[in-house]
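Chemist: Quick one: the structure is below, questions incoming.
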Amino acid sequence: MFVKICGMTNVDDALLAAGLGADAVGFIFAPSPRQVTPGRVRSIIERLPGTVLPVGVFRNEAPERIVDLTNKTGIRAVQLHGNESPEQTRWVAERVPAVIRGVPAGSRAMIEHEAFGRVRFLIDAPRPGSGETFDWAMLRDHPIDREFILAGGLTPENVVDAITVIDPWGVDVATGVEERPGIKDATKVRQFIVNARSVARSDGSGHRSLADWGDHDS
């Protein structure tokens, strides 16, 4: 199970997540209580081990600026979490190492996901970034025929149920492991990772890591 801990604002939390076994850490460039500057992101990434994937989260940002910040900060994956069109998504994907397209569960963008090209998808709650859960059964009513990362109100307490019901490729959490906005709770981070990894995947593949990043459906 691929685990991403998002909303990083300081080096201590990023190193904590890395030390506890997170596969990826996310930095939010969009307006948010967890928004970070490019300079801070660069300084944090310089101290991260190479085994952890640094992800930059953008919402309705100019594609050219996304590519520029990717090059300047050292992020190795871009998460597009706004109303980016399939054309914009593909344009960015041709110029950065990897793209995650975040979409609300049951949305038109999720249903028409093939238009976005060869990118990883992240399925979030109808109000992305709200920390709210959604009815996971929605993904059975509106299935997506490629592997995806599940987000939206996940916590150490509900991540096992979510994985059991949905069987995602990975999981993403921010508010569910915080002490307060932008500051992580070490106990919650540890328990989230342990719990997420405790569930056997239906295909028997077990833990998915950075090494598996390129191994996804087109």
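Letters A, B, ... mark the chains of the structure tokens in the order given; residue numbers begin at 1 per chain; ligand numbers begin at 1, in order shown.
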As a list of chain:residue names, please: the residues near A:Arg190 (cut-off 12 Å, only C-alpha atoms, same-chain neighbours under 2 positions excluded).
Modeler: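 Within the cut-off, the hits are A:Val3, A:Ile5, A:Asp13, A:Leu16, A:Ala17, A:Ala18, A:Gly19, A:Leu20, A:Gly21, A:Ala22, A:Thr155, A:Pro156, A:Gly176, A:Val177, A:Glu178, A:Lys184, A:Asp185, A:Ala186, A:Thr187, A:Lys188, A:Phe192, A:Ile193, A:Val194, A:Asn195, A:Ala196, A:Arg197.
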Chemist: Using only C-alpha atoms, which protein or nucleic acid residues come within 10 Å of stretch 160-172 of chain A? Drop anything in the same chain fewer than 2 positions from it, and give the result as a PyMOL selection string.
Modeler: chain A and resi 1-6+23-26+120-124+133+135-140+146-158+174+176+192-203+205-209+216
Chemist: Could you write those residues out with C-alpha atoms, as a PDB file, in the first residue's frame?
Modeler:
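Output saved as out_29.pdb:
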ATOM      1  CA  MET A   1       0.000   0.000   0.000  1.00  0.00           C
ATOM      2  CA  PHE A   2       1.436   3.329  -1.139  1.00  0.00           C
ATOM      3  CA  VAL A   3       1.121   5.950   1.638  1.00  0.00           C
ATOM      4  CA  LYS A   4       1.321   9.719   1.092  1.00  0.00           C
ATOM      5  CA  ILE A   5       1.341  12.148   4.024  1.00  0.00           C
ATOM      6  CA  CYS A   6       0.271  15.554   2.728  1.00  0.00           C
ATOM      7  CA  ASP A  23       6.320   6.664   0.458  1.00  0.00           C
ATOM      8  CA  ALA A  24       5.517  10.287  -0.364  1.00  0.00           C
ATOM      9  CA  VAL A  25       5.090  13.654   1.335  1.00  0.00           C
ATOM     10  CA  GLY A  26       3.000  16.479  -0.082  1.00  0.00           C
ATOM     11  CA  ARG A 120      -1.993   8.599 -11.599  1.00  0.00           C
ATOM     12  CA  PHE A 121      -5.424   9.525 -10.198  1.00  0.00           C
ATOM     13  CA  LEU A 122      -6.287  10.570  -6.651  1.00  0.00           C
ATOM     14  CA  ILE A 123      -9.961  10.305  -5.681  1.00  0.00           C
ATOM     15  CA  ASP A 124     -10.978  12.836  -3.033  1.00  0.00           C
ATOM     16  CA  THR A 133     -15.143  11.579   4.217  1.00  0.00           C
ATOM     17  CA  ASP A 135     -19.573   7.382   0.765  1.00  0.00           C
ATOM     18  CA  TRP A 136     -16.927   4.980  -0.517  1.00  0.00           C
ATOM     19  CA  ALA A 137     -19.658   2.948  -2.218  1.00  0.00           C
ATOM     20  CA  MET A 138     -19.835   5.843  -4.691  1.00  0.00           C
ATOM     21  CA  LEU A 139     -16.738   4.384  -6.325  1.00  0.00           C
ATOM     22  CA  ARG A 140     -18.620   1.169  -7.003  1.00  0.00           C
ATOM     23  CA  ARG A 146      -7.282   2.230 -13.350  1.00  0.00           C
ATOM     24  CA  GLU A 147      -5.406   2.119 -10.059  1.00  0.00           C
ATOM     25  CA  PHE A 148      -5.847   5.196  -7.866  1.00  0.00           C
ATOM     26  CA  ILE A 149      -4.910   6.825  -4.580  1.00  0.00           C
ATOM     27  CA  LEU A 150      -7.768   7.338  -2.110  1.00  0.00           C
ATOM     28  CA  ALA A 151      -8.090  10.550  -0.070  1.00  0.00           C
ATOM     29  CA  GLY A 152     -10.828  12.425   1.739  1.00  0.00           C
ATOM     30  CA  GLY A 153     -11.171  12.379   5.516  1.00  0.00           C
ATOM     31  CA  LEU A 154      -8.964   9.358   6.102  1.00  0.00           C
ATOM     32  CA  THR A 155      -7.707   8.791   9.657  1.00  0.00           C
ATOM     33  CA  PRO A 156      -5.848   6.061  11.526  1.00  0.00           C
ATOM     34  CA  GLU A 157      -9.262   4.848  12.710  1.00  0.00           C
ATOM     35  CA  ASN A 158     -11.004   4.515   9.333  1.00  0.00           C
ATOM     36  CA  ALA A 174      -3.380  15.367   5.751  1.00  0.00           C
ATOM     37  CA  GLY A 176      -6.405  13.099   9.784  1.00  0.00           C
ATOM     38  CA  PHE A 192      -1.983   5.615  10.032  1.00  0.00           C
ATOM     39  CA  ILE A 193       0.967   4.035   8.228  1.00  0.00           C
ATOM     40  CA  VAL A 194       0.854   0.879  10.339  1.00  0.00           C
ATOM     41  CA  ASN A 195      -2.892   0.475   9.831  1.00  0.00           C
ATOM     42  CA  ALA A 196      -2.756   1.172   6.097  1.00  0.00           C
ATOM     43  CA  ARG A 197      -0.043  -1.436   5.633  1.00  0.00           C
ATOM     44  CA  SER A 198      -1.894  -4.011   7.734  1.00  0.00           C
ATOM     45  CA  VAL A 199      -4.464  -4.675   5.004  1.00  0.00           C
ATOM     46  CA  ALA A 200      -3.568  -7.228   2.342  1.00  0.00           C
ATOM     47  CA  ARG A 201      -4.339  -6.033  -1.196  1.00  0.00           C
ATOM     48  CA  SER A 202      -6.783  -8.130  -3.187  1.00  0.00           C
ATOM     49  CA  ASP A 203      -4.149  -8.783  -5.848  1.00  0.00           C
ATOM     50  CA  SER A 205       0.923  -7.425  -4.141  1.00  0.00           C
ATOM     51  CA  GLY A 206       1.294  -6.043  -0.602  1.00  0.00           C
ATOM     52  CA  HIS A 207       3.202  -2.807  -0.123  1.00  0.00           C
ATOM     53  CA  ARG A 208       3.432  -0.562  -3.176  1.00  0.00           C
ATOM     54  CA  SER A 209       6.427   1.751  -3.110  1.00  0.00           C
ATOM     55  CA  HIS A 216       0.210   1.900 -13.842  1.00  0.00           C
TER      56      HIS A 216
END
Chemist: Nearest to A:Leu80: which of A:Val159, A:Val67, A:Val57, A:Ala98 is it, counting only C-alpha atoms?
Modeler: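 Using only C-alpha atoms, A:Leu80 sits closest to A:Val57.
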Chemist: I'd like the neighbourhood of A:Pro38 as a PyMOL selection string, where a residue qualifies if any of its atoms comes within 9 Å (using only C-alpha atoms), though same-chain residues fewer than 2 positions away should be ignored.
Modeler: chain A and resi 29+36+40-43+69+72-73
Chemist: Enumerate the residues of stretch 74-163 of chain A with a DSSP assignment of alpha helix (DSSP H), computed from the backbone, and present them as a PyMOL selection string.
Modeler: chain A and resi 86-93+108-111+138-141+159-163
Chemist: Excluding A:Met8 and its own-chain neighbours fewer than 6 positions away, which residues fall within 8 Å of it when counting only C-alpha atoms? Please give them as a list of chain:residue names.
Modeler: A:Ala14, A:Val25, A:Gly26, A:Phe27, A:Ile28, A:Arg34, A:Gly182, A:Ile183
Chemist: As an exercise, work out the distance from atom CA of A:Gly7 to atom CA of A:Asp68 in Å and give it to one decimal place.
Modeler: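 These atoms are spaced 20.6 Å apart.
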Chemist: For a quick check of understanding, using only C-alpha atoms, which of A:Glu87, A:Glu132, A:Asp145, A:Glu46 has the smallest distance to A:Val11?
Modeler: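 Closest to A:Val11, using only C-alpha atoms: A:Glu46.
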